[in-house]
Amino acid sequence: MKKLDKEILFKGIVVHGLKVGRKLGFPTANILVDNIDQLNVSNGVYVGKVYYDNKSYDGLVNIGIKPTFNLNEKKRTIEVHILNFNENIYGEHLTLHLSHFLRSEKAFSTQESLINQIQEDIKLAKSITEQSILV
C-alpha cells in the first residue's frame, strides 16, 4: 500500500458490465472514460473517493484487464466497489479521486482466493479512509 505522490482525478459514466463483481458479492460500477489509455495510472487496485449526486463515498477501484476472468483480454477497464452503497446508478456520471495504490492487478487461481483478497482489500481501504478522516 502506498499513498500516491499525485492524486488522480477523473470522470466517467456508469455502464453495464459482466456483473462478475455482483456474483462474487462485491457489486461494482463499471466506469466508461474517454481515452482510458491516456490516464497516467498503472493497472491495479486503488482506494479513493467516489463523488455522485453531491455526496462522497469511499471506494475500492480496480483498473486493468481483470486477468482472473479475461485471460486473453487486453482492454483496460475501470470498476469501483463503492463502500456502504447500494443504488442503481447505470447511466450516471461519477467522479473518482484516487489517493492510495493498494496492489498490482493479478490473476487468481480460484474465485475463493479472489474473494478472500477482495475482502482484505476492503478491510485495508476502510482502514485508510478512517485514518484520512482523522488527519
# chains A, B, ... in the order shown; residues from 1 in each chain; ligands from 1

$ residues_around --residues "Asn30 (chain A)" --least-positions-apart "6" --cutoff "6 Å" --atoms "only C-alpha atoms" --output "ChimeraX atom specification"
/A:14-15,78-79

$ write_last_selection --atoms "N, CA, C and O atoms" --output "PDB file, in the first residue's frame"
ATOM      1  N   VAL A  14     -21.345   5.463 -15.668  1.00  0.00           N
ATOM      2  CA  VAL A  14     -21.530   4.071 -15.251  1.00  0.00           C
ATOM      3  C   VAL A  14     -22.226   3.300 -16.370  1.00  0.00           C
ATOM      4  O   VAL A  14     -23.298   3.700 -16.845  1.00  0.00           O
ATOM      5  N   VAL A  15     -21.596   2.200 -16.791  1.00  0.00           N
ATOM      6  CA  VAL A  15     -22.125   1.360 -17.858  1.00  0.00           C
ATOM      7  C   VAL A  15     -22.294  -0.077 -17.355  1.00  0.00           C
ATOM      8  O   VAL A  15     -21.727  -0.459 -16.335  1.00  0.00           O
ATOM      9  N   ILE A  78     -12.237   0.153 -15.912  1.00  0.00           N
ATOM     10  CA  ILE A  78     -12.240   0.736 -14.569  1.00  0.00           C
ATOM     11  C   ILE A  78     -13.532   0.298 -13.910  1.00  0.00           C
ATOM     12  O   ILE A  78     -14.619   0.452 -14.471  1.00  0.00           O
ATOM     13  N   GLU A  79     -13.419  -0.257 -12.710  1.00  0.00           N
ATOM     14  CA  GLU A  79     -14.604  -0.611 -11.945  1.00  0.00           C
ATOM     15  C   GLU A  79     -14.375  -0.230 -10.496  1.00  0.00           C
ATOM     16  O   GLU A  79     -13.261  -0.318  -9.984  1.00  0.00           O
TER      17      GLU A  79
END

$ residues_around --residues "Lys126 (chain A)" --least-positions-apart "4" --cutoff "8 Å" --atoms "only C-alpha atoms" --output "number ranges by chain"
A: 58, 122, 130

$ select_by_dssp --residues "region 71-122 of chain A" --states "helix (DSSP H, G or I)" --output "number ranges by chain"
A: 111-122

$ write_last_selection --atoms "all heavy atoms" --output "short mmCIF file (atom, residue, chain, number, x, y, z; two decimals), in the first residue's frame"
data_model
loop_
_atom_site.label_atom_id
_atom_site.label_comp_id
_atom_site.auth_asym_id
_atom_site.auth_seq_id
_atom_site.Cartn_x
_atom_site.Cartn_y
_atom_site.Cartn_z
N GLN A 111 -11.92 -18.59 -7.63
CA GLN A 111 -12.80 -17.49 -7.22
C GLN A 111 -12.69 -17.25 -5.72
O GLN A 111 -12.75 -16.11 -5.27
CB GLN A 111 -14.25 -17.80 -7.60
CG GLN A 111 -14.56 -17.60 -9.06
CD GLN A 111 -16.05 -17.66 -9.36
OE1 GLN A 111 -16.89 -17.67 -8.48
NE2 GLN A 111 -16.37 -17.69 -10.64
N GLU A 112 -12.53 -18.32 -4.95
CA GLU A 112 -12.41 -18.20 -3.50
C GLU A 112 -11.20 -17.35 -3.11
O GLU A 112 -11.28 -16.50 -2.23
CB GLU A 112 -12.33 -19.58 -2.85
CG GLU A 112 -12.27 -19.52 -1.34
CD GLU A 112 -12.22 -20.90 -0.70
OE1 GLU A 112 -12.94 -21.80 -1.18
OE2 GLU A 112 -11.48 -21.06 0.27
N SER A 113 -10.07 -17.57 -3.77
CA SER A 113 -8.88 -16.78 -3.44
C SER A 113 -9.08 -15.31 -3.84
O SER A 113 -8.62 -14.40 -3.14
CB SER A 113 -7.62 -17.37 -4.07
OG SER A 113 -7.70 -17.39 -5.47
N LEU A 114 -9.79 -15.07 -4.93
CA LEU A 114 -10.11 -13.69 -5.33
C LEU A 114 -11.02 -13.04 -4.29
O LEU A 114 -10.79 -11.90 -3.87
CB LEU A 114 -10.76 -13.66 -6.71
CG LEU A 114 -11.30 -12.30 -7.17
CD1 LEU A 114 -10.20 -11.26 -7.22
CD2 LEU A 114 -11.98 -12.44 -8.52
N ILE A 115 -12.06 -13.75 -3.87
CA ILE A 115 -12.98 -13.22 -2.86
C ILE A 115 -12.22 -12.89 -1.58
O ILE A 115 -12.43 -11.82 -0.99
CB ILE A 115 -14.13 -14.22 -2.60
CG1 ILE A 115 -15.07 -14.26 -3.81
CG2 ILE A 115 -14.89 -13.87 -1.32
CD1 ILE A 115 -16.08 -15.39 -3.78
N ASN A 116 -11.36 -13.78 -1.14
CA ASN A 116 -10.56 -13.53 0.07
C ASN A 116 -9.70 -12.28 -0.08
O ASN A 116 -9.59 -11.47 0.84
CB ASN A 116 -9.68 -14.73 0.41
CG ASN A 116 -10.49 -15.92 0.89
OD1 ASN A 116 -11.62 -15.77 1.36
ND2 ASN A 116 -9.92 -17.11 0.76
N GLN A 117 -9.10 -12.09 -1.25
CA GLN A 117 -8.27 -10.92 -1.48
C GLN A 117 -9.11 -9.64 -1.49
O GLN A 117 -8.70 -8.63 -0.92
CB GLN A 117 -7.49 -11.05 -2.79
CG GLN A 117 -6.58 -9.87 -3.08
CD GLN A 117 -5.48 -9.73 -2.04
OE1 GLN A 117 -4.68 -10.63 -1.86
NE2 GLN A 117 -5.43 -8.59 -1.35
N ILE A 118 -10.27 -9.69 -2.11
CA ILE A 118 -11.15 -8.52 -2.13
C ILE A 118 -11.57 -8.15 -0.71
O ILE A 118 -11.59 -6.97 -0.34
CB ILE A 118 -12.38 -8.74 -3.04
CG1 ILE A 118 -11.95 -8.87 -4.51
CG2 ILE A 118 -13.39 -7.60 -2.88
CD1 ILE A 118 -13.06 -9.33 -5.43
N GLN A 119 -11.87 -9.15 0.10
CA GLN A 119 -12.23 -8.88 1.50
C GLN A 119 -11.08 -8.18 2.23
O GLN A 119 -11.30 -7.23 2.99
CB GLN A 119 -12.62 -10.18 2.21
CG GLN A 119 -13.95 -10.73 1.73
CD GLN A 119 -14.25 -12.12 2.25
OE1 GLN A 119 -13.36 -12.90 2.59
NE2 GLN A 119 -15.53 -12.45 2.31
N GLU A 120 -9.86 -8.64 1.99
CA GLU A 120 -8.70 -8.00 2.60
C GLU A 120 -8.50 -6.58 2.07
O GLU A 120 -8.17 -5.66 2.82
CB GLU A 120 -7.43 -8.84 2.37
CG GLU A 120 -7.41 -10.13 3.15
CD GLU A 120 -7.52 -9.93 4.65
OE1 GLU A 120 -6.80 -9.07 5.20
OE2 GLU A 120 -8.36 -10.62 5.28
N ASP A 121 -8.70 -6.40 0.77
CA ASP A 121 -8.58 -5.07 0.16
C ASP A 121 -9.60 -4.11 0.79
O ASP A 121 -9.27 -2.95 1.07
CB ASP A 121 -8.81 -5.14 -1.35
CG ASP A 121 -7.71 -5.87 -2.09
OD1 ASP A 121 -6.60 -6.05 -1.54
OD2 ASP A 121 -7.96 -6.27 -3.25
N ILE A 122 -10.82 -4.59 1.02
CA ILE A 122 -11.86 -3.74 1.60
C ILE A 122 -11.48 -3.36 3.03
O ILE A 122 -11.65 -2.20 3.44
CB ILE A 122 -13.24 -4.43 1.54
CG1 ILE A 122 -13.73 -4.46 0.08
CG2 ILE A 122 -14.25 -3.73 2.44
CD1 ILE A 122 -14.97 -5.29 -0.13
#

$ residues_around --residues "Lys106 (chain A)" --least-positions-apart "4" --cutoff "10 Å" --atoms "only C-alpha atoms" --output "PyMOL selection string"
chain A and resi 43-45+64-68+114

$ write_last_selection --atoms "N, CA and C atoms" --output "mmCIF file, in the first residue's frame"
data_model
loop_
_atom_site.group_PDB
_atom_site.id
_atom_site.type_symbol
_atom_site.label_atom_id
_atom_site.label_comp_id
_atom_site.auth_asym_id
_atom_site.auth_seq_id
_atom_site.Cartn_x
_atom_site.Cartn_y
_atom_site.Cartn_z
ATOM 1 N N ASN A 43 -2.153 -0.297 -13.945
ATOM 2 C CA ASN A 43 -3.167 -1.282 -13.595
ATOM 3 C C ASN A 43 -2.984 -1.675 -12.137
ATOM 4 N N GLY A 44 -4.098 -1.845 -11.441
ATOM 5 C CA GLY A 44 -4.031 -2.264 -10.054
ATOM 6 C C GLY A 44 -5.267 -1.860 -9.283
ATOM 7 N N VAL A 45 -5.162 -2.015 -7.963
ATOM 8 C CA VAL A 45 -6.268 -1.730 -7.057
ATOM 9 C C VAL A 45 -5.925 -0.471 -6.258
ATOM 10 N N GLY A 64 -7.682 -2.102 -14.956
ATOM 11 C CA GLY A 64 -6.895 -3.123 -15.626
ATOM 12 C C GLY A 64 -7.708 -4.012 -16.528
ATOM 13 N N ILE A 65 -7.205 -5.227 -16.692
ATOM 14 C CA ILE A 65 -7.779 -6.156 -17.663
ATOM 15 C C ILE A 65 -8.524 -7.328 -17.015
ATOM 16 N N LYS A 66 -8.686 -7.311 -15.691
ATOM 17 C CA LYS A 66 -9.378 -8.380 -14.958
ATOM 18 C C LYS A 66 -8.839 -9.760 -15.361
ATOM 19 N N PRO A 67 -7.572 -10.033 -15.095
ATOM 20 C CA PRO A 67 -6.929 -11.240 -15.612
ATOM 21 C C PRO A 67 -7.495 -12.560 -15.092
ATOM 22 N N THR A 68 -8.182 -12.564 -13.953
ATOM 23 C CA THR A 68 -8.754 -13.807 -13.450
ATOM 24 C C THR A 68 -9.844 -14.323 -14.378
ATOM 25 N N LEU A 114 -9.793 -15.068 -4.933
ATOM 26 C CA LEU A 114 -10.109 -13.693 -5.328
ATOM 27 C C LEU A 114 -11.025 -13.042 -4.294
#

$ atom_distance --atom1 "CA of Lys49 (chain A)" --atom2 "CA of Leu83 (chain A)"
9.8 Å

$ closest_residue --among "A:Val41, A:Ile36, A:Ile89, A:Leu102" --to "Ile8 (chain A)" --atoms "only C-alpha atoms"
A:Val41
